[in-house]
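Novice: Sharing protein13.tsv here; it has TSV, C-alpha atoms.
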chain	number	residue	atom	x	y	z
A	1	MET	CA	5.31	-0.67	25.64
A	2	LYS	CA	1.96	0.12	23.99
A	3	GLY	CA	0.57	-1.23	20.74
A	4	ILE	CA	-2.61	-2.20	18.93
A	5	ILE	CA	-3.48	-5.89	19.09
A	6	TYR	CA	-6.23	-7.79	17.32
A	7	ASP	CA	-7.07	-10.96	19.23
A	8	GLY	CA	-9.55	-12.46	16.76
A	9	SER	CA	-12.59	-10.65	18.13
A	10	THR	CA	-11.56	-7.22	19.39
A	11	THR	CA	-8.98	-4.59	18.51
A	12	ALA	CA	-7.51	-2.59	21.36
A	13	VAL	CA	-4.53	-0.55	22.49
A	14	ARG	CA	-2.69	-2.74	24.97
A	15	ASP	CA	0.11	-1.92	27.35
A	16	GLY	CA	2.86	-4.30	28.46
A	17	ILE	CA	3.86	-5.58	25.00
A	18	GLU	CA	7.44	-6.79	24.77
A	19	VAL	CA	9.56	-7.50	21.71
A	20	ARG	CA	12.32	-10.09	21.70
A	21	ASP	CA	16.05	-9.46	21.29
A	22	LEU	CA	17.61	-9.06	17.87
A	23	ARG	CA	18.68	-12.06	15.83
A	24	PRO	CA	21.22	-12.03	12.97
A	25	GLY	CA	20.12	-9.91	10.04
A	26	GLU	CA	17.64	-7.85	12.04
A	27	VAL	CA	17.07	-4.23	13.04
A	28	ARG	CA	15.14	-2.70	15.94
A	29	VAL	CA	13.16	0.43	15.09
A	30	LYS	CA	11.37	2.97	17.28
A	31	ILE	CA	8.20	3.75	15.36
A	32	GLU	CA	7.47	7.45	14.93
A	33	ALA	CA	4.57	7.33	12.45
A	34	ALA	CA	2.29	4.68	10.97
A	35	GLY	CA	-0.31	4.98	8.23
A	36	VAL	CA	-3.78	3.48	8.71
A	37	CYS	CA	-4.39	1.30	5.66
A	38	HIS	CA	-7.32	-0.81	4.46
A	39	SER	CA	-5.14	-3.91	4.75
A	40	ASP	CA	-5.22	-3.51	8.54
A	41	VAL	CA	-9.01	-3.22	8.32
A	42	SER	CA	-9.05	-6.34	6.15
A	43	VAL	CA	-7.47	-8.36	8.95
A	44	ILE	CA	-10.09	-7.14	11.39
A	45	ASP	CA	-13.05	-7.85	9.08
A	46	GLY	CA	-11.70	-11.22	7.89
A	47	THR	CA	-10.96	-10.32	4.27
A	48	ILE	CA	-7.34	-11.15	5.02
A	49	GLN	CA	-7.23	-14.27	7.15
A	50	PHE	CA	-4.38	-13.87	9.60
A	51	PRO	CA	-3.56	-15.80	12.80
A	52	THR	CA	-4.08	-14.05	16.11
A	53	PRO	CA	-3.20	-12.45	18.42
A	54	VAL	CA	-1.39	-10.07	16.08
A	55	VAL	CA	0.19	-6.66	16.47
A	56	LEU	CA	-1.32	-4.67	13.60
A	57	GLY	CA	0.15	-2.02	11.31
A	58	HIS	CA	2.40	-2.31	8.28
A	59	GLU	CA	2.96	1.20	6.87
A	60	GLY	CA	5.53	2.88	9.04
A	61	ALA	CA	8.68	4.88	9.54
A	62	GLY	CA	10.94	5.47	12.51
A	63	VAL	CA	14.43	5.63	13.94
A	64	VAL	CA	16.84	2.71	14.25
A	65	THR	CA	17.67	1.93	17.88
A	66	ALA	CA	19.75	-1.25	17.44
A	67	VAL	CA	21.24	-3.39	14.66
A	68	ALA	CA	22.53	-6.94	14.63
A	69	PRO	CA	26.33	-7.27	14.24
A	70	ASP	CA	26.01	-8.54	10.67
A	71	VAL	CA	23.94	-5.56	9.46
A	72	SER	CA	25.89	-2.77	7.77
A	73	HIS	CA	23.56	-0.76	5.53
A	74	VAL	CA	21.79	0.97	8.44
A	75	LYS	CA	23.08	2.20	11.80
A	76	VAL	CA	21.65	3.40	15.08
A	77	GLY	CA	20.04	6.81	14.64
A	78	ASP	CA	19.14	6.37	10.97
A	79	HIS	CA	15.66	7.33	9.86
A	80	VAL	CA	14.08	4.45	7.96
A	81	VAL	CA	11.00	3.55	5.97
A	82	LEU	CA	9.82	0.02	6.63
A	83	SER	CA	8.94	-2.24	3.72
A	84	THR	CA	6.32	-4.96	4.18
A	85	LEU	CA	7.97	-7.17	1.57
A	86	GLY	CA	9.41	-10.32	3.07
A	87	ASN	CA	12.45	-10.97	0.91
A	88	CYS	CA	15.66	-12.71	1.82
A	89	GLY	CA	17.95	-10.58	-0.36
A	90	HIS	CA	20.07	-13.47	-1.65
A	91	CYS	CA	17.90	-16.03	-3.49
A	92	ALA	CA	17.75	-16.22	-7.30
A	93	ALA	CA	14.67	-13.98	-7.45
A	94	CYS	CA	16.15	-11.32	-5.18
A	95	ASP	CA	19.48	-11.49	-7.00
A	96	ARG	CA	17.86	-10.73	-10.36
A	97	GLY	CA	15.96	-7.73	-8.98
A	98	LYS	CA	12.61	-9.46	-8.45
A	99	PRO	CA	12.18	-9.41	-4.65
A	100	THR	CA	8.40	-9.75	-4.92
A	101	PHE	CA	9.09	-13.22	-6.37
A	102	CYS	CA	11.10	-14.31	-3.31
A	103	ARG	CA	9.72	-17.59	-2.00
A	104	VAL	CA	12.28	-18.06	0.75
A	105	SER	CA	10.48	-15.63	3.06
A	106	LEU	CA	6.93	-16.17	1.80
A	107	GLY	CA	4.52	-17.43	4.44
A	108	LYS	CA	7.03	-17.43	7.29
A	109	LEU	CA	5.13	-15.68	10.05
A	110	GLY	CA	7.17	-14.41	12.95
A	111	ARG	CA	6.01	-13.98	16.54
A	112	PRO	CA	8.51	-11.51	17.99
A	113	PHE	CA	6.08	-9.94	20.47
A	114	THR	CA	4.69	-11.14	23.76
A	115	LEU	CA	1.82	-9.85	25.86
A	116	GLY	CA	1.83	-11.56	29.21
A	117	ASP	CA	2.22	-15.27	28.50
A	118	ALA	CA	0.95	-15.03	24.91
A	119	LYS	CA	3.18	-14.72	21.85
A	120	CYS	CA	1.84	-12.31	19.24
A	121	PHE	CA	2.26	-12.52	15.48
A	122	GLN	CA	3.89	-9.83	13.38
A	123	PHE	CA	1.67	-8.46	10.60
A	124	ALA	CA	3.13	-8.03	7.11
A	125	ASN	CA	6.70	-8.44	8.35
A	126	THR	CA	6.59	-5.14	10.22
A	127	SER	CA	3.86	-4.53	12.87
A	128	VAL	CA	4.14	-0.76	13.19
A	129	PHE	CA	1.18	-0.01	15.48
A	130	VAL	CA	3.55	-0.43	18.40
A	131	GLU	CA	6.20	1.75	19.99
A	132	GLU	CA	9.11	-0.45	18.91
A	133	THR	CA	9.42	-3.33	16.45
A	134	VAL	CA	12.01	-5.75	15.10
A	135	VAL	CA	12.30	-6.30	11.34
A	136	LYS	CA	14.56	-8.00	8.83
A	137	ALA	CA	17.31	-5.66	7.72
A	138	THR	CA	16.05	-5.96	4.14
A	139	SER	CA	12.84	-4.24	5.31
A	140	ALA	CA	14.60	-1.14	6.71
A	141	ILE	CA	15.50	1.45	4.08
A	142	PRO	CA	17.40	4.53	5.29
A	143	ILE	CA	16.12	7.94	4.21
A	144	PRO	CA	17.37	11.52	4.71
A	145	ALA	CA	16.46	13.02	8.08
A	146	GLU	CA	14.82	16.04	6.45
A	147	VAL	CA	11.90	13.93	5.18
A	148	PRO	CA	9.04	14.19	7.73
A	149	LEU	CA	8.45	10.73	9.15
A	150	ALA	CA	4.65	11.04	9.01
A	151	SER	CA	4.93	11.58	5.26
A	152	ALA	CA	7.69	9.01	4.83
A	153	SER	CA	5.66	6.31	6.59
A	154	LEU	CA	3.23	6.17	3.66
A	155	ILE	CA	5.95	5.17	1.21
A	156	GLY	CA	6.18	1.69	2.73
A	157	CYS	CA	2.80	0.52	1.46
A	158	GLY	CA	0.46	2.96	-0.28
A	159	VAL	CA	3.06	4.83	-2.30
A	160	LEU	CA	5.13	1.82	-3.33
A	161	THR	CA	2.01	-0.16	-4.23
A	162	GLY	CA	0.29	2.59	-6.20
A	163	VAL	CA	3.15	4.41	-7.89
A	164	GLY	CA	5.05	1.13	-8.25
A	165	ALA	CA	2.14	-0.49	-10.09
A	166	VAL	CA	2.30	2.33	-12.65
A	167	PHE	CA	6.07	2.40	-13.02
A	168	ASN	CA	7.00	-1.26	-12.63
A	169	ARG	CA	4.00	-3.39	-13.59
A	170	ALA	CA	1.91	-1.43	-16.06
A	171	LYS	CA	4.86	0.63	-17.35
A	172	VAL	CA	2.51	3.43	-18.39
A	173	ALA	CA	3.96	5.45	-21.27
A	174	HIS	CA	3.56	9.11	-22.22
A	175	GLY	CA	0.06	9.96	-23.41
A	176	GLU	CA	-1.50	6.60	-22.57
A	177	SER	CA	-5.04	6.68	-21.18
A	178	THR	CA	-5.73	5.48	-17.64
A	179	VAL	CA	-8.73	4.72	-15.43
A	180	VAL	CA	-8.27	4.42	-11.67
A	181	ILE	CA	-11.19	2.76	-9.86
A	182	GLY	CA	-11.19	3.66	-6.18
A	183	VAL	CA	-9.68	6.90	-4.90
A	184	GLY	CA	-8.31	5.69	-1.57
A	185	GLY	CA	-4.70	5.63	-0.45
A	186	ILE	CA	-3.65	3.21	-3.20
A	187	GLY	CA	-5.74	4.88	-5.90
A	188	LEU	CA	-4.34	8.33	-5.16
A	189	ASN	CA	-0.84	6.99	-5.59
A	190	VAL	CA	-1.78	5.29	-8.84
A	191	ILE	CA	-3.12	8.65	-9.99
A	192	GLN	CA	0.05	10.51	-9.10
A	193	GLY	CA	2.15	7.73	-10.63
A	194	ALA	CA	0.15	8.08	-13.84
A	195	ALA	CA	0.62	11.85	-13.74
A	196	LEU	CA	4.38	11.41	-13.29
A	197	SER	CA	4.30	9.09	-16.34
A	198	ASP	CA	2.47	11.77	-18.38
A	199	ALA	CA	-0.61	9.58	-18.86
A	200	LEU	CA	-3.52	11.34	-20.54
A	201	PRO	CA	-6.34	11.34	-19.72
A	202	ILE	CA	-6.32	10.12	-16.11
A	203	ILE	CA	-9.90	9.19	-15.21
A	204	ALA	CA	-10.65	8.67	-11.52
A	205	VAL	CA	-13.74	6.72	-10.44
A	206	ASP	CA	-15.24	6.72	-6.94
A	207	THR	CA	-18.74	6.56	-5.47
A	208	ASN	CA	-17.86	9.28	-2.95
A	209	PRO	CA	-18.13	12.72	-4.62
A	210	ALA	CA	-15.88	14.20	-1.93
A	211	LYS	CA	-12.98	12.23	-3.44
A	212	GLU	CA	-12.98	14.41	-6.57
A	213	ALA	CA	-10.93	17.14	-4.93
A	214	TYR	CA	-8.27	14.64	-3.83
A	215	ALA	CA	-8.24	12.95	-7.23
A	216	ARG	CA	-7.70	16.21	-9.09
A	217	GLN	CA	-5.08	17.39	-6.60
A	218	PHE	CA	-3.02	14.28	-7.34
A	219	GLY	CA	-3.34	14.54	-11.11
A	220	ALA	CA	-6.70	13.22	-12.34
A	221	THR	CA	-7.99	15.01	-15.42
A	222	HIS	CA	-11.53	13.60	-15.10
A	223	PHE	CA	-13.69	12.31	-12.24
A	224	ILE	CA	-16.64	9.94	-12.55
A	225	CYS	CA	-18.97	9.39	-9.60
A	226	PRO	CA	-21.32	6.43	-10.23
A	227	THR	CA	-24.76	7.36	-8.89
A	228	GLY	CA	-26.20	3.90	-8.25
A	229	PRO	CA	-26.25	0.21	-9.22
A	230	ASP	CA	-27.62	0.98	-12.69
A	231	PHE	CA	-24.92	3.50	-13.54
A	232	ASP	CA	-23.17	2.59	-16.81
A	233	LEU	CA	-19.49	3.09	-16.07
A	234	VAL	CA	-18.43	1.75	-19.46
A	235	ALA	CA	-20.56	4.33	-21.27
A	236	ALA	CA	-19.28	7.12	-19.01
A	237	VAL	CA	-15.65	6.24	-19.70
A	238	LYS	CA	-16.25	5.87	-23.43
A	239	GLU	CA	-17.69	9.36	-23.57
A	240	ILE	CA	-14.12	10.43	-22.79
A	241	CYS	CA	-12.21	7.64	-24.62
A	242	PRO	CA	-14.56	6.17	-27.26
A	243	ASN	CA	-12.37	3.11	-27.93
A	244	GLY	CA	-11.64	2.41	-24.28
A	245	VAL	CA	-8.42	3.03	-22.36
A	246	ASP	CA	-4.91	1.65	-22.26
A	247	HIS	CA	-4.79	0.92	-18.52
A	248	VAL	CA	-7.35	0.26	-15.80
A	249	PHE	CA	-6.25	-0.01	-12.17
A	250	GLU	CA	-8.84	-1.68	-9.92
A	251	CYS	CA	-8.09	-0.49	-6.38
A	252	VAL	CA	-11.27	-1.60	-4.59
A	253	GLY	CA	-11.11	-5.39	-4.55
A	254	SER	CA	-14.54	-5.92	-6.14
A	255	THR	CA	-15.00	-8.86	-8.49
A	256	ALA	CA	-17.85	-6.99	-10.17
A	257	LEU	CA	-15.55	-4.04	-10.87
A	258	ILE	CA	-12.84	-6.38	-12.14
A	259	ARG	CA	-15.40	-7.71	-14.61
A	260	THR	CA	-16.45	-4.20	-15.64
A	261	ALA	CA	-12.84	-3.13	-15.98
A	262	THR	CA	-12.24	-5.61	-18.80
A	263	ASP	CA	-14.93	-3.81	-20.81
A	264	LEU	CA	-13.18	-0.47	-20.31
A	265	LEU	CA	-10.04	-1.61	-22.14
A	266	ASP	CA	-9.05	-0.59	-25.63
A	267	TRP	CA	-7.32	-3.13	-27.87
A	268	GLY	CA	-3.98	-3.95	-26.29
A	269	GLY	CA	-5.16	-2.53	-22.97
A	270	GLN	CA	-4.36	-4.01	-19.59
A	271	LEU	CA	-6.17	-4.34	-16.29
A	272	ILE	CA	-3.99	-4.22	-13.17
A	273	MET	CA	-5.62	-5.64	-10.03
A	274	LEU	CA	-4.55	-3.92	-6.82
A	275	GLY	CA	-7.63	-4.26	-4.60
A	276	VAL	CA	-7.89	-7.43	-2.50
A	277	PRO	CA	-11.21	-9.34	-2.60
A	278	LYS	CA	-12.04	-11.93	0.03
A	279	MET	CA	-9.90	-15.05	-0.10
A	280	GLY	CA	-11.22	-17.53	-2.68
A	281	SER	CA	-13.18	-14.94	-4.68
A	282	GLU	CA	-13.62	-15.60	-8.38
A	283	ALA	CA	-14.10	-13.04	-11.15
A	284	SER	CA	-15.43	-13.63	-14.66
A	285	PHE	CA	-15.10	-11.99	-18.04
A	286	VAL	CA	-16.37	-12.52	-21.58
A	287	VAL	CA	-13.58	-14.50	-23.21
A	288	ASN	CA	-13.97	-13.27	-26.79
A	289	THR	CA	-13.60	-9.64	-25.67
A	290	MET	CA	-10.03	-10.37	-24.60
A	291	TYR	CA	-8.59	-11.57	-27.90
A	292	ASN	CA	-7.53	-8.12	-29.09
A	293	ASP	CA	-4.38	-8.39	-26.98
A	294	LYS	CA	-6.05	-7.34	-23.74
A	295	SER	CA	-4.40	-8.45	-20.49
A	296	ILE	CA	-5.45	-9.03	-16.88
A	297	MET	CA	-2.49	-8.60	-14.55
A	298	GLY	CA	-1.97	-9.24	-10.87
A	299	CYS	CA	0.43	-7.00	-9.02
A	300	ARG	CA	2.13	-7.71	-5.71
A	301	TYR	CA	3.32	-4.68	-3.77
A	302	GLY	CA	3.73	-2.54	-6.87
A	303	SER	CA	6.25	-5.06	-8.26
A	304	ALA	CA	8.61	-2.99	-6.13
A	305	ARG	CA	12.31	-3.27	-5.38
A	306	PRO	CA	12.12	-1.57	-2.00
A	307	GLN	CA	15.81	-0.75	-1.59
A	308	HIS	CA	15.70	1.01	-4.96
A	309	ASP	CA	12.14	2.29	-5.16
A	310	VAL	CA	11.90	3.82	-1.67
A	311	ARG	CA	14.93	5.95	-2.46
A	312	LEU	CA	13.41	6.88	-5.83
A	313	MET	CA	10.18	7.99	-4.11
A	314	VAL	CA	12.19	10.06	-1.63
A	315	ASP	CA	14.20	11.69	-4.42
A	316	LEU	CA	11.00	12.53	-6.31
A	317	TYR	CA	9.55	14.01	-3.12
A	318	LEU	CA	12.62	16.12	-2.42
A	319	ALA	CA	12.52	17.34	-6.02
A	320	GLY	CA	8.94	18.51	-5.47
A	321	ARG	CA	7.45	16.00	-7.90
A	322	LEU	CA	5.91	13.37	-5.60
A	323	LYS	CA	3.17	14.36	-3.16
A	324	LEU	CA	3.72	12.86	0.29
A	325	ASP	CA	2.78	15.66	2.69
A	326	GLU	CA	-0.53	16.05	0.86
A	327	LEU	CA	-1.37	12.40	1.53
A	328	VAL	CA	-1.40	13.01	5.29
A	329	SER	CA	-4.94	14.27	5.90
A	330	GLN	CA	-4.87	13.88	9.68
A	331	THR	CA	-2.61	12.62	12.44
A	332	TYR	CA	-3.84	10.79	15.54
A	333	PRO	CA	-2.38	9.47	18.77
A	334	LEU	CA	-2.31	5.69	19.09
A	335	GLU	CA	-5.35	5.76	21.39
A	336	SER	CA	-7.46	7.36	18.61
A	337	PHE	CA	-7.07	4.39	16.27
A	338	GLN	CA	-10.83	3.80	16.16
A	339	THR	CA	-11.44	7.42	15.19
A	340	ALA	CA	-8.91	7.06	12.39
A	341	LEU	CA	-10.70	3.90	11.20
A	342	ASP	CA	-14.09	5.61	11.30
A	343	GLU	CA	-12.87	8.57	9.28
A	344	LEU	CA	-11.17	6.23	6.82
A	345	HIS	CA	-14.47	4.39	6.28
A	346	GLU	CA	-16.31	7.69	5.90
A	347	GLY	CA	-13.98	8.68	3.06
A	348	LYS	CA	-12.75	11.80	4.84
A	349	LEU	CA	-9.06	11.00	4.44
A	350	ALA	CA	-6.39	10.53	1.84
A	351	ARG	CA	-4.47	8.82	4.63
A	352	GLY	CA	-4.65	9.01	8.39
A	353	VAL	CA	-1.40	8.59	10.28
A	354	LEU	CA	-0.83	7.46	13.86
A	355	VAL	CA	2.00	9.37	15.52
A	356	PHE	CA	3.95	8.31	18.58
A	357	ASP	CA	5.26	10.61	21.31
Here is the file; what I need is its structure written in the form of structure tokens.
Specialist:
Amino acid sequence: MKGIIYDGSTTAVRDGIEVRDLRPGEVRVKIEAAGVCHSDVSVIDGTIQFPTPVVLGHEGAGVVTAVAPDVSHVKVGDHVVLSTLGNCGHCAACDRGKPTFCRVSLGKLGRPFTLGDAKCFQFANTSVFVEETVVKATSAIPIPAEVPLASASLIGCGVLTGVGAVFNRAKVAHGESTVVIGVGGIGLNVIQGAALSDALPIIAVDTNPAKEAYARQFGATHFICPTGPDFDLVAAVKEICPNGVDHVFECVGSTALIRTATDLLDWGGQLIMLGVPKMGSEASFVVNTMYNDKSIMGCRYGSARPQHDVRLMVDLYLAGRLKLDELVSQTYPLESFQTALDELHEGKLARGVLVFD
């Protein structure tokens, strides 16, 4: 079968990939659609250091083709969203509804694929840039067949991370003010999560003026486009909220923006870091500015409970309240992966999705 492999120097569509047989607690899924996310780019450019060769892709949806005998919550033929969260489902953290705290699965990298004589790693517990994959059953969440799989694929990373950060980590309340820095796939979902939480105002920030239309479509009430390195973002935000804001979501992964974000906070405000800087990066802040109950918060995968939150996102979508179809700017065949990457870098997309015949 075909898939996209990064070998440490080049990224290419390769034929002849094989995936091993199922083991207990696993599910085989035929991938129908896979979102192109910056995390895949981060592997290629070294921001995320990952062993190679690796089958890329982590934001996907498809149809179950086989289940291990001990798996009962999904069956052959089910449509599923794949979650990147490696969680065992039975440790103390998972049992108390904190699967992002699961340490049992953390750092255990599988190599279920082979290409010729070489074993290939699985990226983010899923590897969805391939025609068929094998995942832990806890990563396969069944969804109704009427949800388009291209739209559903985006739930597994961008939607859960962005909306989940608003719902689960920040717990944004009605009328609270919000700044979202970076209007990419994660930022758009933070914006629509904030809109669903009745945040006001919702201030989107991006250096690409073309992102304003997307930001407003998903619920932003204001858009700020910094014009250069001397642009005063703090002053621009405080023209709208003179005391600062209740929540800032940094979705770029810039230590400089993390530093700036602390100055955007009102008393009692909180910064939620969603962007991923290079490994080992350090950020600074002025300590005395934080004593008025300000907080800096990390957030892993939207603090999500995938088995619960994926279904919630689907229910919101079916009720007409969550935008999924609108996230899919363009679909591409697997062979056009580089085009999808180029258009992602150019800021032309909310999300590009690879679709499989």
Novice: Excluding Val27 of chain A and residues on its chain fewer than 6 positions from it, collect all residues at most 7 Å away from it, counting all atoms listed in the file, and give them as a PyMOL selection string.
Specialist: chain A and resi 66-68+134-137
Novice: So which residues touch Lys348 of chain A within 9 Å, counting only C-alpha atoms, skipping near sequence neighbours fewer than 5 positions away, as a PDB file with C-alpha atoms, keeping the file's coordinate frame?
Specialist:
ATOM      1  CA  ALA A 210     -15.880  14.200  -1.930  1.00  0.00           C
ATOM      2  CA  LYS A 211     -12.980  12.230  -3.440  1.00  0.00           C
ATOM      3  CA  SER A 329      -4.940  14.270   5.900  1.00  0.00           C
ATOM      4  CA  GLU A 343     -12.870   8.570   9.280  1.00  0.00           C
TER       5      GLU A 343
END
Novice: Give me the residues near Gln330 of chain A as number ranges by chain, where near means some atom within 10 Å (using only C-alpha atoms) and where sequence neighbours in that chain fewer than 3 positions away do not count.
Specialist: A: 150, 327, 340, 343, 348-354
Novice: Please build the interface table for segment 307-342 of chain A against segment 190-195 of chain A with a cut-off of 10 Å, listing for each qualifying residue the nearest atom pair and the distance in Å to one decimal; count all atoms listed in the file, order rows by chain and increasing number, and write it as a Markdown table.
Specialist:
| residue | atom | partner | partner_atom | distance |
| --- | --- | --- | --- | --- |
| A:Arg321 | CA | A:Gln192 | CA | 9.3 |
| A:Leu322 | CA | A:Gln192 | CA | 7.4 |
| A:Lys323 | CA | A:Gln192 | CA | 7.7 |
Novice: Choose the residue, out of A:Gly298, A:Pro51, A:Gly162, A:Gly3, that has the smallest atom-to-atom separation from Leu115 of chain A; count all atoms listed in the file.
Specialist: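 Smallest separation from Leu115 of chain A among the options: A:Gly3.
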Novice: Can you work out which one of A:Thr65, A:Ser295, A:Thr339, A:Gln307 has the shortest atom-to-atom distance to Ser139 of chain A, counting only C-alpha atoms?
Specialist: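 Of all the options, A:Gln307 lies closest to Ser139 of chain A.
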Novice: At a cut-off of 10 Å from (23.0, -2.0, 7.8) in the coordinates of the file, what residues are picked up using only C-alpha atoms, written as a PyMOL selection string?
Specialist: chain A and resi 25-27+67-76+78+137-138+140-142
Novice: Could you please determine the separation between atom CA of Gln270 of chain A and atom CA of Arg169 of chain A in Å, to one decimal place?
Specialist: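 Atom CA of Arg169 of chain A lies at a distance of 10.3 Å from atom CA of Gln270 of chain A.
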Novice: Identify the residues within 10 Å of coordinate (-6.9, 11.4, -24.0) (same frame as the file), considering only C-alpha atoms, and give the answer as a list in words.
Specialist: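 The residues that fall inside the cut-off are Gly175, Glu176, Ser177, Thr178, Ala199, Leu200, Pro201, Ile202, Ile203, Thr221, Ile240, Cys241, Pro242 and Val245 of chain A.
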Novice: Could you check which of A:Phe101, A:Phe50, A:Phe231, A:Tyr6 is closest to Arg300 of chain A, using only C-alpha atoms?
Specialist: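 Once distances to Arg300 of chain A are computed over only C-alpha atoms, the minimum belongs to A:Phe101.
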Novice: Near Ile44 of chain A, counting only C-alpha atoms, which residues have an atom at most 12 Å away, once you skip same-chain residues fewer than 4 positions from it, shown as a list in words?
Specialist: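 Near neighbours after the sequence-gap exclusion: Ile4, Ile5, Tyr6, Asp7, Gly8, Ser9, Thr10, Thr11, Ala12, Cys37, His38, Ser39, Asp40, Ile48, Gln49, Phe50, Pro51, Thr52, Pro53, Val54, Val55, Leu56, Gly57, Phe123, Gln338 and Leu341 of chain A.
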Novice: For His345 of chain A, which residue out of A:Ile258, A:Val276, A:Leu188, A:Val36 is the nearest one, using only C-alpha atoms?
Specialist: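 Selected residue with least distance to His345 of chain A: A:Val36.
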Novice: What's the 6 Å shell around Leu271 of chain A, counting only C-alpha atoms, without same-chain residues fewer than 3 positions away, as a PDB file with C-alpha atoms, keeping the file's coordinate frame?
Specialist:
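result26.pdb was written with the following content:
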ATOM      1  CA  HIS A 247      -4.790   0.920 -18.520  1.00  0.00           C
ATOM      2  CA  VAL A 248      -7.350   0.260 -15.800  1.00  0.00           C
ATOM      3  CA  PHE A 249      -6.250  -0.010 -12.170  1.00  0.00           C
ATOM      4  CA  ILE A 296      -5.450  -9.030 -16.880  1.00  0.00           C
ATOM      5  CA  MET A 297      -2.490  -8.600 -14.550  1.00  0.00           C
TER       6      MET A 297
END
Novice: Using the atoms already present, construct N, CA and C atoms for segment 17-34 of chain A and hand them back as an mmCIF file, in the frame of the given file.
Specialist:
data_model
loop_
_atom_site.group_PDB
_atom_site.id
_atom_site.type_symbol
_atom_site.label_atom_id
_atom_site.label_comp_id
_atom_site.auth_asym_id
_atom_site.auth_seq_id
_atom_site.Cartn_x
_atom_site.Cartn_y
_atom_site.Cartn_z
ATOM 1 N N ILE A 17 3.328 -4.776 26.105
ATOM 2 C CA ILE A 17 3.860 -5.580 25.000
ATOM 3 C C ILE A 17 5.387 -5.556 25.067
ATOM 4 N N GLU A 18 5.982 -6.703 24.830
ATOM 5 C CA GLU A 18 7.440 -6.790 24.770
ATOM 6 C C GLU A 18 7.856 -7.368 23.426
ATOM 7 N N VAL A 19 9.024 -6.968 22.960
ATOM 8 C CA VAL A 19 9.560 -7.500 21.710
ATOM 9 C C VAL A 19 10.893 -8.170 22.019
ATOM 10 N N ARG A 20 11.141 -9.289 21.369
ATOM 11 C CA ARG A 20 12.320 -10.090 21.700
ATOM 12 C C ARG A 20 13.607 -9.394 21.243
ATOM 13 N N ASP A 21 14.734 -9.974 21.672
ATOM 14 C CA ASP A 21 16.050 -9.460 21.290
ATOM 15 C C ASP A 21 16.309 -9.699 19.807
ATOM 16 N N LEU A 22 17.250 -8.939 19.272
ATOM 17 C CA LEU A 22 17.610 -9.060 17.870
ATOM 18 C C LEU A 22 18.255 -10.413 17.576
ATOM 19 N N ARG A 23 17.994 -10.898 16.374
ATOM 20 C CA ARG A 23 18.680 -12.060 15.830
ATOM 21 C C ARG A 23 19.525 -11.595 14.649
ATOM 22 N N PRO A 24 20.415 -12.446 14.129
ATOM 23 C CA PRO A 24 21.220 -12.030 12.970
ATOM 24 C C PRO A 24 20.341 -11.522 11.827
ATOM 25 N N GLY A 25 20.823 -10.458 11.192
ATOM 26 C CA GLY A 25 20.120 -9.910 10.040
ATOM 27 C C GLY A 25 18.902 -9.089 10.378
ATOM 28 N N GLU A 26 18.814 -8.605 11.627
ATOM 29 C CA GLU A 26 17.640 -7.850 12.040
ATOM 30 C C GLU A 26 17.991 -6.457 12.551
ATOM 31 N N VAL A 27 16.952 -5.617 12.614
ATOM 32 C CA VAL A 27 17.070 -4.230 13.040
ATOM 33 C C VAL A 27 15.914 -3.922 13.992
ATOM 34 N N ARG A 28 16.203 -3.170 15.043
ATOM 35 C CA ARG A 28 15.140 -2.700 15.940
ATOM 36 C C ARG A 28 14.847 -1.232 15.594
ATOM 37 N N VAL A 29 13.564 -0.911 15.509
ATOM 38 C CA VAL A 29 13.160 0.430 15.090
ATOM 39 C C VAL A 29 12.127 0.997 16.060
ATOM 40 N N LYS A 30 12.368 2.219 16.512
ATOM 41 C CA LYS A 30 11.370 2.970 17.280
ATOM 42 C C LYS A 30 10.424 3.620 16.277
ATOM 43 N N ILE A 31 9.166 3.235 16.317
ATOM 44 C CA ILE A 31 8.200 3.750 15.360
ATOM 45 C C ILE A 31 7.810 5.174 15.735
ATOM 46 N N GLU A 32 7.864 6.060 14.740
ATOM 47 C CA GLU A 32 7.470 7.450 14.930
ATOM 48 C C GLU A 32 6.127 7.754 14.283
ATOM 49 N N ALA A 33 5.814 7.065 13.183
ATOM 50 C CA ALA A 33 4.570 7.330 12.450
ATOM 51 C C ALA A 33 4.147 6.067 11.705
ATOM 52 N N ALA A 34 2.815 5.873 11.623
ATOM 53 C CA ALA A 34 2.290 4.680 10.970
ATOM 54 C C ALA A 34 0.971 5.001 10.279
#
